file entry-v3.pdb (PDB, C-alpha atoms, pLDDT in the B column)
ATOM      1  CA  PRO A   6      91.444 124.998 145.314  1.00 55.00           C
ATOM      2  CA  ALA A   7      90.326 121.458 144.614  1.00 58.00           C
ATOM      3  CA  ARG A   8      86.797 120.462 145.496  1.00 60.00           C
ATOM      4  CA  ARG A   9      86.722 117.380 147.735  1.00 60.00           C
ATOM      5  CA  LEU A  10      84.123 114.903 146.643  1.00 59.00           C
ATOM      6  CA  GLU A  11      81.842 113.057 149.009  1.00 57.00           C
ATOM      7  CA  GLY A  12      82.456 109.347 149.258  1.00 63.00           C
ATOM      8  CA  LEU A  13      85.069 107.282 147.539  1.00 80.00           C
ATOM      9  CA  PHE A  14      84.902 104.775 144.717  1.00 86.00           C
ATOM     10  CA  PRO A  15      81.331 103.515 144.263  1.00 85.00           C
ATOM     11  CA  ASP A  16      80.610  99.782 144.073  1.00 84.00           C
ATOM     12  CA  ALA A  17      79.919 100.232 140.341  1.00 87.00           C
ATOM     13  CA  TRP A  18      83.523 101.351 139.733  1.00 87.00           C
ATOM     14  CA  LYS A  19      85.230  98.550 137.794  1.00 91.00           C
ATOM     15  CA  ARG A  20      87.713  96.814 140.046  1.00 91.00           C
ATOM     16  CA  ASP A  21      88.504  94.130 137.466  1.00 92.00           C
ATOM     17  CA  ARG A  22      90.430  96.353 135.061  1.00 92.00           C
ATOM     18  CA  MET A  23      93.916  97.784 135.310  1.00 94.00           C
ATOM     19  CA  THR A  24      94.143 101.308 136.684  1.00 95.00           C
ATOM     20  CA  TRP A  25      97.143 103.593 137.059  1.00 94.00           C
ATOM     21  CA  ILE A  26      98.510 105.806 139.811  1.00 93.00           C
ATOM     22  CA  LYS A  27     100.245 108.780 138.225  1.00 91.00           C
ATOM     23  CA  PRO A  28     101.809 110.851 141.012  1.00 89.00           C
ATOM     24  CA  SER A  29     102.929 113.678 138.702  1.00 95.00           C
ATOM     25  CA  PHE A  30     100.399 116.470 138.095  1.00 97.00           C
ATOM     26  CA  LEU A  31     102.043 117.635 134.861  1.00 97.00           C
ATOM     27  CA  TRP A  32     102.353 114.082 133.538  1.00 95.00           C
ATOM     28  CA  MET A  33      98.626 113.704 134.166  1.00 95.00           C
ATOM     29  CA  MET A  34      97.978 116.990 132.331  1.00 97.00           C
ATOM     30  CA  TYR A  35      99.992 115.596 129.403  1.00 97.00           C
ATOM     31  CA  ARG A  36      97.914 112.413 129.475  1.00 95.00           C
ATOM     32  CA  CYS A  37      94.533 114.178 129.565  1.00 96.00           C
ATOM     33  CA  GLY A  38      95.479 117.279 127.564  1.00 96.00           C
ATOM     34  CA  TRP A  39      94.724 119.626 130.476  1.00 97.00           C
ATOM     35  CA  GLY A  40      91.311 117.948 130.773  1.00 95.00           C
ATOM     36  CA  THR A  41      90.339 118.589 127.153  1.00 95.00           C
ATOM     37  CA  LYS A  42      90.655 115.093 125.641  1.00 96.00           C
ATOM     38  CA  ALA A  43      87.392 113.282 124.938  1.00 96.00           C
ATOM     39  CA  GLY A  44      86.348 111.207 127.936  1.00 94.00           C
ATOM     40  CA  GLN A  45      88.994 112.887 130.109  1.00 94.00           C
ATOM     41  CA  GLU A  46      87.353 116.252 130.735  1.00 95.00           C
ATOM     42  CA  THR A  47      87.263 115.727 134.502  1.00 94.00           C
ATOM     43  CA  VAL A  48      90.549 115.468 136.379  1.00 94.00           C
ATOM     44  CA  LEU A  49      90.468 113.830 139.793  1.00 92.00           C
ATOM     45  CA  ALA A  50      93.205 113.696 142.401  1.00 93.00           C
ATOM     46  CA  VAL A  51      93.075 110.544 144.486  1.00 93.00           C
ATOM     47  CA  GLU A  52      94.746 110.649 147.887  1.00 93.00           C
ATOM     48  CA  ILE A  53      95.869 107.251 149.171  1.00 94.00           C
ATOM     49  CA  THR A  54      97.609 106.044 152.304  1.00 94.00           C
ATOM     50  CA  ARG A  55     101.376 105.742 152.411  1.00 91.00           C
ATOM     51  CA  ASP A  56     100.970 102.133 153.590  1.00 94.00           C
ATOM     52  CA  GLY A  57      98.921 101.373 150.485  1.00 95.00           C
ATOM     53  CA  PHE A  58     101.389 103.055 148.154  1.00 93.00           C
ATOM     54  CA  GLU A  59     104.278 101.155 149.710  1.00 91.00           C
ATOM     55  CA  TRP A  60     102.354  97.858 149.471  1.00 94.00           C
ATOM     56  CA  ALA A  61     101.944  98.557 145.759  1.00 94.00           C
ATOM     57  CA  LEU A  62     105.655  99.297 145.375  1.00 92.00           C
ATOM     58  CA  ARG A  63     106.696  96.172 147.315  1.00 91.00           C
ATOM     59  CA  HIS A  64     104.515  93.966 145.100  1.00 93.00           C
ATOM     60  CA  ALA A  65     105.549  95.556 141.805  1.00 93.00           C
ATOM     61  CA  CYS A  66     107.377  94.334 138.757  1.00 94.00           C
ATOM     62  CA  LEU A  67     108.902  96.591 136.104  1.00 93.00           C
ATOM     63  CA  SER A  68     106.651  96.839 133.028  1.00 93.00           C
ATOM     64  CA  SER A  69     109.563  96.053 130.711  1.00 92.00           C
ATOM     65  CA  TYR A  70     112.541  93.739 130.985  1.00 92.00           C
ATOM     66  CA  VAL A  71     115.778  95.296 132.241  1.00 88.00           C
ATOM     67  CA  ARG A  72     118.954  93.212 132.182  1.00 87.00           C
ATOM     68  CA  GLY A  73     120.537  93.085 135.622  1.00 85.00           C
ATOM     69  CA  VAL A  74     117.295  93.717 137.495  1.00 85.00           C
ATOM     70  CA  TYR A  75     115.926  90.259 136.618  1.00 89.00           C
ATOM     71  CA  PRO A  76     118.037  87.127 136.083  1.00 90.00           C
ATOM     72  CA  ASP A  77     116.576  86.646 132.578  1.00 93.00           C
ATOM     73  CA  ARG A  78     113.628  87.618 130.380  1.00 95.00           C
ATOM     74  CA  ALA A  79     111.619  84.479 131.248  1.00 96.00           C
ATOM     75  CA  THR A  80     111.874  85.206 134.988  1.00 94.00           C
ATOM     76  CA  TRP A  81     110.726  88.790 134.394  1.00 94.00           C
ATOM     77  CA  GLN A  82     107.763  87.584 132.284  1.00 96.00           C
ATOM     78  CA  ARG A  83     106.672  85.184 135.048  1.00 95.00           C
ATOM     79  CA  GLN A  84     106.975  87.906 137.692  1.00 94.00           C
ATOM     80  CA  LEU A  85     105.084  90.392 135.534  1.00 94.00           C
ATOM     81  CA  LYS A  86     102.159  87.969 135.085  1.00 95.00           C
ATOM     82  CA  ARG A  87     101.952  87.346 138.850  1.00 95.00           C
ATOM     83  CA  ALA A  88     102.574  90.877 140.122  1.00 96.00           C
ATOM     84  CA  PRO A  89      99.487  92.863 141.157  1.00 97.00           C
ATOM     85  CA  THR A  90     101.358  96.084 140.349  1.00 96.00           C
ATOM     86  CA  ARG A  91     103.735  97.168 137.618  1.00 96.00           C
ATOM     87  CA  ILE A  92     106.122 100.066 137.411  1.00 93.00           C
ATOM     88  CA  GLN A  93     106.670 102.154 134.348  1.00 93.00           C
ATOM     89  CA  TRP A  94     108.966 105.168 134.090  1.00 90.00           C
ATOM     90  CA  ASP A  95     107.904 107.857 131.611  1.00 92.00           C
ATOM     91  CA  PRO A  96     109.497 111.224 130.859  1.00 95.00           C
ATOM     92  CA  GLU A  97     108.346 113.891 133.312  1.00 95.00           C
ATOM     93  CA  ARG A  98     106.613 116.874 131.718  1.00 97.00           C
ATOM     94  CA  GLY A  99     107.082 120.629 131.900  1.00 97.00           C
ATOM     95  CA  LEU A 100     104.476 123.397 131.858  1.00 98.00           C
ATOM     96  CA  HIS A 101     104.269 123.174 128.049  1.00 98.00           C
ATOM     97  CA  LEU A 102     103.873 119.386 128.502  1.00 97.00           C
ATOM     98  CA  GLN A 103     107.232 118.832 126.815  1.00 98.00           C
ATOM     99  CA  ALA A 104     109.311 115.846 127.854  1.00 97.00           C
ATOM    100  CA  LEU A 105     111.917 116.633 130.507  1.00 97.00           C
ATOM    101  CA  PRO A 106     115.250 114.791 130.863  1.00 96.00           C
ATOM    102  CA  TYR A 107     114.139 112.775 133.899  1.00 92.00           C
ATOM    103  CA  ARG A 108     111.407 110.245 134.487  1.00 90.00           C
ATOM    104  CA  SER A 109     108.258 110.021 136.552  1.00 90.00           C
ATOM    105  CA  LEU A 110     106.721 106.933 138.117  1.00 90.00           C
ATOM    106  CA  GLN A 111     103.538 105.403 136.711  1.00 93.00           C
ATOM    107  CA  LEU A 112     102.199 102.583 138.871  1.00 95.00           C
ATOM    108  CA  GLY A 113      99.795 100.130 137.215  1.00 97.00           C
ATOM    109  CA  LEU A 114      97.387  98.258 139.470  1.00 98.00           C
ATOM    110  CA  SER A 115      95.547  95.047 138.677  1.00 96.00           C
ATOM    111  CA  GLY A 116      93.639  92.359 140.570  1.00 95.00           C
ATOM    112  CA  GLU A 117      94.156  92.538 144.322  1.00 96.00           C
ATOM    113  CA  ALA A 118      95.918  95.917 144.053  1.00 97.00           C
ATOM    114  CA  VAL A 119      92.912  97.569 142.354  1.00 96.00           C
ATOM    115  CA  ARG A 120      90.553  96.276 145.028  1.00 95.00           C
ATOM    116  CA  ARG A 121      92.854  97.478 147.823  1.00 96.00           C
ATOM    117  CA  TYR A 122      93.258 100.866 146.096  1.00 96.00           C
ATOM    118  CA  ALA A 123      89.527 101.446 145.761  1.00 94.00           C
ATOM    119  CA  ASP A 124      88.357  99.945 149.048  1.00 92.00           C
ATOM    120  CA  GLU A 125      91.236 100.329 151.546  1.00 94.00           C
ATOM    121  CA  TRP A 126      93.897 102.828 150.463  1.00 95.00           C
ATOM    122  CA  THR A 127      91.821 105.705 149.131  1.00 94.00           C
ATOM    123  CA  VAL A 128      91.473 108.508 151.661  1.00 92.00           C
ATOM    124  CA  ALA A 129      89.865 111.213 149.496  1.00 91.00           C
ATOM    125  CA  ILE A 130      89.041 112.116 145.920  1.00 92.00           C
ATOM    126  CA  SER A 131      89.185 115.747 144.802  1.00 90.00           C
ATOM    127  CA  ASP A 132      88.072 117.358 141.559  1.00 92.00           C
ATOM    128  CA  VAL A 133      91.108 119.310 140.318  1.00 94.00           C
ATOM    129  CA  THR A 134      89.589 120.173 136.925  1.00 96.00           C
ATOM    130  CA  PRO A 135      89.248 123.896 137.791  1.00 96.00           C
ATOM    131  CA  LEU A 136      92.915 123.984 138.870  1.00 97.00           C
ATOM    132  CA  ALA A 137      93.997 122.251 135.651  1.00 97.00           C
ATOM    133  CA  ARG A 138      92.044 124.774 133.573  1.00 97.00           C
ATOM    134  CA  GLU A 139      93.419 127.740 135.522  1.00 98.00           C
ATOM    135  CA  ILE A 140      97.029 126.580 135.139  1.00 98.00           C
ATOM    136  CA  HIS A 141      96.457 125.809 131.453  1.00 98.00           C
ATOM    137  CA  ALA A 142      95.055 129.303 130.858  1.00 98.00           C
ATOM    138  CA  LEU A 143      98.122 130.837 132.526  1.00 98.00           C
ATOM    139  CA  VAL A 144     100.471 128.679 130.445  1.00 98.00           C
ATOM    140  CA  SER A 145      98.535 129.589 127.274  1.00 98.00           C
ATOM    141  CA  SER A 146      98.945 133.289 128.068  1.00 98.00           C
ATOM    142  CA  ASP A 147     102.664 132.722 128.734  1.00 98.00           C
ATOM    143  CA  ASN A 148     102.311 133.573 132.435  1.00 98.00           C
ATOM    144  CA  LEU A 149     104.583 130.714 133.480  1.00 98.00           C
ATOM    145  CA  ASP A 150     105.606 132.071 136.881  1.00 98.00           C
ATOM    146  CA  SER A 151     101.977 132.299 137.995  1.00 98.00           C
ATOM    147  CA  ALA A 152     101.243 128.860 136.529  1.00 98.00           C
ATOM    148  CA  ASP A 153     104.225 127.363 138.327  1.00 98.00           C
ATOM    149  CA  ARG A 154     103.094 128.803 141.679  1.00 98.00           C
ATOM    150  CA  LEU A 155      99.732 127.025 141.332  1.00 98.00           C
ATOM    151  CA  LEU A 156     101.204 123.585 140.660  1.00 97.00           C
ATOM    152  CA  PRO A 157     100.711 121.062 143.443  1.00 95.00           C
ATOM    153  CA  LYS A 158     103.926 120.720 145.436  1.00 93.00           C
ATOM    154  CA  GLU A 159     105.707 117.519 144.489  1.00 92.00           C
ATOM    155  CA  ARG A 160     108.943 116.141 145.850  1.00 86.00           C
ATOM    156  CA  PRO A 161     110.925 112.917 145.463  1.00 83.00           C
ATOM    157  CA  TYR A 162     109.419 110.027 147.353  1.00 80.00           C
ATOM    158  CA  PRO A 163     111.378 109.296 150.554  1.00 76.00           C
ATOM    159  CA  ALA A 164     112.151 105.612 150.654  1.00 65.00           C
ATOM    160  CA  GLU A 165     115.070 103.570 151.803  1.00 58.00           C
ATOM    161  CA  ASP A 166     117.528 102.417 149.148  1.00 54.00           C
ATOM    162  CA  GLN A 167     116.937  98.695 149.679  1.00 47.00           C
ATOM    163  CA  PHE A 168     113.181  99.278 149.301  1.00 48.00           C
ATOM    164  CA  MET A 169     113.550 101.190 146.016  1.00 56.00           C
ATOM    165  CA  ALA A 170     116.466  99.247 144.510  1.00 54.00           C
ATOM    166  CA  HIS A 171     114.334  97.104 142.191  1.00 54.00           C
ATOM    167  CA  LEU A 172     112.097  99.989 141.133  1.00 57.00           C
ATOM    168  CA  HIS A 173     114.410 102.094 138.983  1.00 49.00           C
ATOM    169  CA  PRO A 174     117.101 100.414 136.922  1.00 44.00           C
TER     170      PRO A 174
END

call {"tool": "encode", "arguments": {"input": "entry-v3.pdb", "output": "structure tokens"}}
result
Amino acid sequence: PARRLEGLFPDAWKRDRMTWIKPSFLWMMYRCGWGTKAGQETVLAVEITRDGFEWALRHACLSSYVRGVYPDRATWQRQLKRAPTRIQWDPERGLHLQALPYRSLQLGLSGEAVRRYADEWTVAISDVTPLAREIHALVSSDNLDSADRLLPKERPYPAEDQFMAHLHP
């Protein structure tokens, strides 16, 4: 089980740099190499409010231009510069951290969104490093069924079509 940490983001945590919400556990394991990459040896799960997450989605711009979502490239570039959040879709990952044929949301926060994330939306922070190591050990020993049972339960985000229409081209 994850160990809940006391407190939330300290005042010293840099609120002036971009930070990312990565809702997929296995995508995060891909990013940090199961907590083995230098400077990424601790894996934290940050629980935020649904209201905060939806604020971030409502104020987001796609991280790359997609014809048909924006009238033209110049409009997209202007929106991207102004948007406090950006959406990126990356291949979801499997237990061996291989790319899967569908994508997972990555939500980049900057400016106002980072401050809201750290000071208003965050409900709890948990250290999931032991869980990451346990699942990795099971995957390494080819015990995939046991590894799969330990994965955090994830499901598609329930949102109304008109709310999500601009988020996934």

call {"tool": "residues_around", "arguments": {"input": "entry-v3.pdb", "residues": "region 95-100 of chain A", "least_positions_apart": "6", "cutoff": "12 Å", "atoms": "only C-alpha atoms", "output": "number ranges by chain"}}
result
A: 27-36, 38-39, 68-69, 106-112, 137, 140-156, 173

call {"tool": "closest_atom_pairs", "arguments": {"input": "entry-v3.pdb", "of": "region 108-173 of chain A", "to": "region 78-92 of chain A", "cutoff": "8 Å", "atoms": "only C-alpha atoms", "output": "Markdown table"}}
result
| residue | atom | partner | partner_atom | distance |
| --- | --- | --- | --- | --- |
| A:Leu110 | CA | A:Ile92 | CA | 6.9 |
| A:Gln111 | CA | A:Ile92 | CA | 6.0 |
| A:Leu112 | CA | A:Ile92 | CA | 4.9 |
| A:Gly113 | CA | A:Arg91 | CA | 4.9 |
| A:Leu114 | CA | A:Thr90 | CA | 4.6 |
| A:Ser115 | CA | A:Pro89 | CA | 5.1 |
| A:Gly116 | CA | A:Pro89 | CA | 5.9 |
| A:Glu117 | CA | A:Pro89 | CA | 6.2 |
| A:Ala118 | CA | A:Pro89 | CA | 5.5 |
| A:Leu172 | CA | A:Ile92 | CA | 7.0 |

call {"tool": "write_last_selection", "arguments": {"input": "entry-v3.pdb", "atoms": "C-alpha atoms", "output": "PDB file, keeping the file's coordinate frame"}}
result
ATOM      1  CA  LEU A 110     106.721 106.933 138.117  1.00 90.00           C
ATOM      2  CA  GLN A 111     103.538 105.403 136.711  1.00 93.00           C
ATOM      3  CA  LEU A 112     102.199 102.583 138.871  1.00 95.00           C
ATOM      4  CA  GLY A 113      99.795 100.130 137.215  1.00 97.00           C
ATOM      5  CA  LEU A 114      97.387  98.258 139.470  1.00 98.00           C
ATOM      6  CA  SER A 115      95.547  95.047 138.677  1.00 96.00           C
ATOM      7  CA  GLY A 116      93.639  92.359 140.570  1.00 95.00           C
ATOM      8  CA  GLU A 117      94.156  92.538 144.322  1.00 96.00           C
ATOM      9  CA  ALA A 118      95.918  95.917 144.053  1.00 97.00           C
ATOM     10  CA  LEU A 172     112.097  99.989 141.133  1.00 57.00           C
TER      11      LEU A 172
END

call {"tool": "atom_distance", "arguments": {"input": "entry-v3.pdb", "atom1": "CA of Ala17 (chain A)", "atom2": "CA of Arg63 (chain A)"}}
result
28.0 Å

call {"tool": "closest_residue", "arguments": {"input": "entry-v3.pdb", "among": "A:Pro76, A:Arg22, A:Arg121, A:Gly44", "to": "Ala61 (chain A)", "atoms": "all atoms listed in the file"}}
result
A:Arg121

call {"tool": "atom_distance", "arguments": {"input": "entry-v3.pdb", "atom1": "CA of Leu13 (chain A)", "atom2": "CA of Leu102 (chain A)"}}
result
29.4 Å

call {"tool": "atom_distance", "arguments": {"input": "entry-v3.pdb", "atom1": "CA of Gly40 (chain A)", "atom2": "CA of Ile53 (chain A)"}}
result
21.8 Å

call {"tool": "resolve_selection", "arguments": {"input": "entry-v3.pdb", "expression": "the PyMOL selection byres ((chain A and resi 133) around 6)", "output": "ChimeraX atom specification"}}
result
/A:7,48-49,132,134-136

call {"tool": "resolve_selection", "arguments": {"input": "entry-v3.pdb", "expression": "the PyMOL selection byres ((chain A and resi 123) around 10)", "output": "list in words"}}
result
Leu13, Phe14, Pro15, Asp16, Trp18, Lys19, Arg20, Val51, Ile53, Ala118, Val119, Arg120, Arg121, Tyr122, Asp124, Glu125, Trp126, Thr127 and Val128 of chain A

call {"tool": "axis_aligned_box", "arguments": {"input": "entry-v3.pdb", "around": "region 127-141 of chain A", "padding_each_side": "5 Å", "output": "AutoDock Vina command-line options"}}
result
--center_x 92.6 --center_y 116.7 --center_z 141.6 --size_x 19.0 --size_y 32.0 --size_z 30.2

call {"tool": "closest_residue", "arguments": {"input": "entry-v3.pdb", "among": "A:Ile26, A:Ala104, A:Asp21, A:Arg72", "to": "Gly57 (chain A)", "atoms": "all atoms listed in the file"}}
result
A:Ile26
